[in-house]
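**Student:** Encoded as structure tokens, here's the structure I'll be asking about.
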Amino acid sequence: MAAGTSVVRVVRTKGLSILRQLRLEEALLRVDTDNWCIVNDGAKDPSVVLGISGKPHALVDVAAAYRDGIVVIKRFSGGGTVVVDADTQFVSFILNAAATPHVQLFPVPLMRWTGELYGGSNEGVFADVPGFRLRENDYVVGERKVGGNAQSISKNRWLHHTSFLWDFRGEMMRYLKHPAKTPAYRDGRAHLDFLVPLCGLLPSRDTLPDRISPALRAMGLEPVHATLEEAEAVVRGLPHHRATAVVDLAAALEAGPEAKAPLLPNPPIDGGVINHKP
């Protein structure tokens, strides 16, 4: 790495389209060699995001999403299905194995590393939030979820991204079905009984973004400022496999319940409703 094995380029932005963010993260993971952290406070538009193997009818009320013009995205990483909007705060780490040489490149060790960054030390992002911990694959306070995670791991490089609930609107949860597979601690609870927002736990909306760089330093890394434009310029025009895509909800309505997500070709990154019923 030209910047050094422990240097992490931290991009802090607001209101970035989640499709644009995911495409950028996928490109940085696949074709760049620097370490990155992307912190985005709020998605530009409400969306539903599926994991790479998610089947729309099993996880989403496809008819309701199509009717209401909700964009459904299939991301390149694993994990579950989430609703994101202006009150979702996103933090993504894209790191080389050399940046965390003591951490094996498997899901559980990487989850433990991020769990320590967020809450395992005095410099942890949530060190002053009583009851914060890593529970199975989620970040929780007490018995309620504040953040969900997904990962993508290659031979020498890994990504871990989290969507944190600064706040949420209960009506948005209607687009999600109760998944067949859930963490044991959820204990059958509905979405609204399972989640808790950060707005009642942290001093301000800036607290989470402000604490990321100090937490990285506490983990032995060297955060440096970078801009969104710099990150996008690094990967612009470089060929790579692209798994992030928008689900074609019109086609999904005609597909069977076990069908994989049909995808739209080359959808726009920003602006316009992609799946709105004419």
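The way I read the labels, and the way they are meant: chains A, B, ... in the order of the structure tokens, residue 1 as the first residue of every chain, and ligand 1 as the first ligand shown, with later ones counted on from there.
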Which residues of range 101-158 of chain A come within 10 Å of range 31-54 of chain A, and for each one, what is the closest pair of atoms and their distance in Å to one decimal, counting only C-alpha atoms, sorted by chain and residue number, as JSON lines?

**Tutor:**
```
{"residue": "A:Ala150", "atom": "CA", "partner": "A:Gly51", "partner_atom": "CA", "distance": 7.9}
{"residue": "A:Gln151", "atom": "CA", "partner": "A:Gly51", "partner_atom": "CA", "distance": 9.7}
{"residue": "A:Asn156", "atom": "CA", "partner": "A:Thr33", "partner_atom": "CA", "distance": 9.7}
{"residue": "A:Arg157", "atom": "CA", "partner": "A:Thr33", "partner_atom": "CA", "distance": 8.5}
{"residue": "A:Trp158", "atom": "CA", "partner": "A:Asn35", "partner_atom": "CA", "distance": 9.7}
```

**Student:** Looking only at strand (DSSP E) from DSSP on the backbone, list the matching residues of range 49-224 of chain A as a count of residues only.

**Tutor:** 48

**Student:** Each residue of range 6-66 of chain A with at least one atom at most 10 Å from range 172-176 of chain A should appear once, together with its nearest atom pair and the corresponding distance in Å (one decimal); atoms considered: only C-alpha atoms; ordering: chain, then increasing residue number; output as JSON lines.

**Tutor:**
```
{"residue": "A:Pro46", "atom": "CA", "partner": "A:Met172", "partner_atom": "CA", "distance": 8.5}
{"residue": "A:Ser47", "atom": "CA", "partner": "A:Met172", "partner_atom": "CA", "distance": 9.4}
{"residue": "A:Val48", "atom": "CA", "partner": "A:Tyr175", "partner_atom": "CA", "distance": 7.8}
{"residue": "A:Pro56", "atom": "CA", "partner": "A:Leu176", "partner_atom": "CA", "distance": 9.8}
{"residue": "A:His57", "atom": "CA", "partner": "A:Leu176", "partner_atom": "CA", "distance": 9.8}
{"residue": "A:Ala58", "atom": "CA", "partner": "A:Leu176", "partner_atom": "CA", "distance": 9.2}
{"residue": "A:Leu59", "atom": "CA", "partner": "A:Leu176", "partner_atom": "CA", "distance": 6.0}
{"residue": "A:Val60", "atom": "CA", "partner": "A:Leu176", "partner_atom": "CA", "distance": 4.7}
{"residue": "A:Asp61", "atom": "CA", "partner": "A:Tyr175", "partner_atom": "CA", "distance": 5.1}
{"residue": "A:Val62", "atom": "CA", "partner": "A:Tyr175", "partner_atom": "CA", "distance": 7.6}
{"residue": "A:Ala63", "atom": "CA", "partner": "A:Tyr175", "partner_atom": "CA", "distance": 9.0}
{"residue": "A:Ala64", "atom": "CA", "partner": "A:Tyr175", "partner_atom": "CA", "distance": 6.6}
{"residue": "A:Ala65", "atom": "CA", "partner": "A:Tyr175", "partner_atom": "CA", "distance": 6.2}
{"residue": "A:Tyr66", "atom": "CA", "partner": "A:Tyr175", "partner_atom": "CA", "distance": 10.0}
```

**Student:** Let's have the selection written as an mmCIF file, in the first residue's frame, with C-alpha atoms.

**Tutor:**
```cif
data_model
loop_
_atom_site.group_PDB
_atom_site.id
_atom_site.type_symbol
_atom_site.label_atom_id
_atom_site.label_comp_id
_atom_site.auth_asym_id
_atom_site.auth_seq_id
_atom_site.Cartn_x
_atom_site.Cartn_y
_atom_site.Cartn_z
ATOM 1 C CA PRO A 46 -35.935 5.336 1.295
ATOM 2 C CA SER A 47 -34.873 1.926 -0.021
ATOM 3 C CA VAL A 48 -34.893 -1.743 0.863
ATOM 4 C CA PRO A 56 -37.480 -10.814 -2.858
ATOM 5 C CA HIS A 57 -40.728 -12.641 -2.078
ATOM 6 C CA ALA A 58 -39.259 -14.281 1.014
ATOM 7 C CA LEU A 59 -38.070 -11.004 2.506
ATOM 8 C CA VAL A 60 -40.010 -8.097 1.004
ATOM 9 C CA ASP A 61 -43.640 -7.215 0.399
ATOM 10 C CA VAL A 62 -42.915 -6.861 -3.318
ATOM 11 C CA ALA A 63 -46.370 -5.597 -4.242
ATOM 12 C CA ALA A 64 -46.281 -2.839 -1.611
ATOM 13 C CA ALA A 65 -42.767 -1.748 -2.574
ATOM 14 C CA TYR A 66 -43.718 -1.654 -6.269
#
```

**Student:** What's the 10 Å shell around Val10 in chain A, counting only C-alpha atoms, without same-chain residues fewer than 3 positions away, as a list in words?

**Tutor:**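 Here the qualifying residues turn out to be Val7, Thr13, Asn35, Trp36, Cys37, Ile38, Val39, Ser92, Phe93, Ile212, Ser213, Leu216, Glu222, Pro223, Val224, His225, Ala226, Thr227, Leu228 and Ala231 of chain A.
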
**Student:** Write the residues of the preceding selection, restricted to C-alpha atoms, as a short mmCIF file (atom, residue, chain, number, x, y, z; two decimals), in the first residue's frame.

**Tutor:**
```cif
data_model
loop_
_atom_site.label_atom_id
_atom_site.label_comp_id
_atom_site.auth_asym_id
_atom_site.auth_seq_id
_atom_site.Cartn_x
_atom_site.Cartn_y
_atom_site.Cartn_z
CA VAL A 7 -3.47 4.27 7.28
CA THR A 13 -20.59 12.42 3.90
CA ASN A 35 -7.80 1.04 3.47
CA TRP A 36 -11.06 2.97 3.58
CA CYS A 37 -13.81 3.89 6.00
CA ILE A 38 -17.02 5.34 4.56
CA VAL A 39 -19.31 7.19 6.99
CA SER A 92 -18.23 0.75 6.29
CA PHE A 93 -14.69 -0.56 6.73
CA ILE A 212 -15.18 6.77 14.30
CA SER A 213 -11.68 8.20 13.80
CA LEU A 216 -9.84 3.59 14.68
CA GLU A 222 -4.16 5.86 11.43
CA PRO A 223 -7.25 7.65 10.11
CA VAL A 224 -6.71 10.40 7.54
CA HIS A 225 -9.34 12.58 5.91
CA ALA A 226 -10.46 11.85 2.36
CA THR A 227 -13.31 13.17 0.26
CA LEU A 228 -16.05 11.31 -1.55
CA ALA A 231 -12.68 7.88 -3.35
#
```

**Student:** Counting only C-alpha atoms, what is within 12 Å of Glu136 in chain A, bar same-chain residues fewer than 6 positions away, as a tab-separated table (two decimals) with N, CA, C and O atoms, in the first residue's frame?

**Tutor:**
```
chain	number	residue	atom	x	y	z
A	107	PRO	N	-15.78	-14.57	9.14
A	107	PRO	CA	-16.82	-13.67	9.67
A	107	PRO	C	-16.76	-13.44	11.18
A	107	PRO	O	-16.86	-12.29	11.64
A	108	VAL	N	-16.61	-14.48	11.98
A	108	VAL	CA	-16.66	-14.30	13.43
A	108	VAL	C	-15.49	-13.47	13.95
A	108	VAL	O	-15.71	-12.51	14.73
A	111	MET	N	-16.15	-9.89	13.07
A	111	MET	CA	-17.21	-9.32	13.90
A	111	MET	C	-16.67	-8.95	15.27
A	111	MET	O	-17.03	-7.90	15.83
A	112	ARG	N	-15.83	-9.79	15.83
A	112	ARG	CA	-15.25	-9.48	17.15
A	112	ARG	C	-14.39	-8.23	17.09
A	112	ARG	O	-14.41	-7.40	18.01
A	115	GLY	N	-16.69	-5.36	16.88
A	115	GLY	CA	-17.35	-5.22	18.18
A	115	GLY	C	-16.47	-4.52	19.19
A	115	GLY	O	-16.95	-3.70	20.00
A	143	GLU	N	-31.51	-5.89	24.88
A	143	GLU	CA	-32.00	-6.96	24.01
A	143	GLU	C	-32.56	-6.42	22.70
A	143	GLU	O	-33.27	-7.14	21.99
A	145	LYS	N	-31.96	-4.30	18.96
A	145	LYS	CA	-30.96	-4.08	17.91
A	145	LYS	C	-30.83	-2.60	17.56
A	145	LYS	O	-31.83	-1.91	17.37
A	147	GLY	N	-28.00	-1.89	15.26
A	147	GLY	CA	-27.25	-1.93	14.00
A	147	GLY	C	-27.12	-3.33	13.46
A	147	GLY	O	-26.91	-4.28	14.21
A	148	GLY	N	-27.29	-3.45	12.15
A	148	GLY	CA	-27.13	-4.72	11.47
A	148	GLY	C	-25.91	-4.69	10.55
A	148	GLY	O	-25.54	-3.63	10.03
A	149	ASN	N	-25.31	-5.85	10.34
A	149	ASN	CA	-24.02	-5.93	9.65
A	149	ASN	C	-24.06	-6.86	8.45
A	149	ASN	O	-24.86	-7.79	8.39
A	182	THR	N	-33.96	-16.05	11.88
A	182	THR	CA	-33.70	-14.86	12.69
A	182	THR	C	-32.74	-15.23	13.82
A	182	THR	O	-32.63	-16.40	14.20
A	183	PRO	N	-32.03	-14.24	14.40
A	183	PRO	CA	-31.18	-14.54	15.55
A	183	PRO	C	-32.01	-15.04	16.73
A	183	PRO	O	-33.16	-14.60	16.91
A	184	ALA	N	-31.44	-15.92	17.50
A	184	ALA	CA	-32.18	-16.52	18.61
A	184	ALA	C	-32.67	-15.48	19.60
A	184	ALA	O	-33.78	-15.59	20.14
A	185	TYR	N	-31.88	-14.43	19.82
A	185	TYR	CA	-32.28	-13.44	20.83
A	185	TYR	C	-33.50	-12.62	20.40
A	185	TYR	O	-34.16	-11.99	21.23
A	186	ARG	N	-33.82	-12.63	19.10
A	186	ARG	CA	-35.01	-11.91	18.65
A	186	ARG	C	-36.27	-12.52	19.26
A	186	ARG	O	-37.23	-11.81	19.53
```

**Student:** Kindly indicate which residue among A:Asp85, A:Glu116, A:Asp68, A:Asp167 lies nearest to Leu202 in chain A, using only C-alpha atoms for the distances.

**Tutor:**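 Of the candidates, the smallest distance to Leu202 in chain A is held by A:Asp167.
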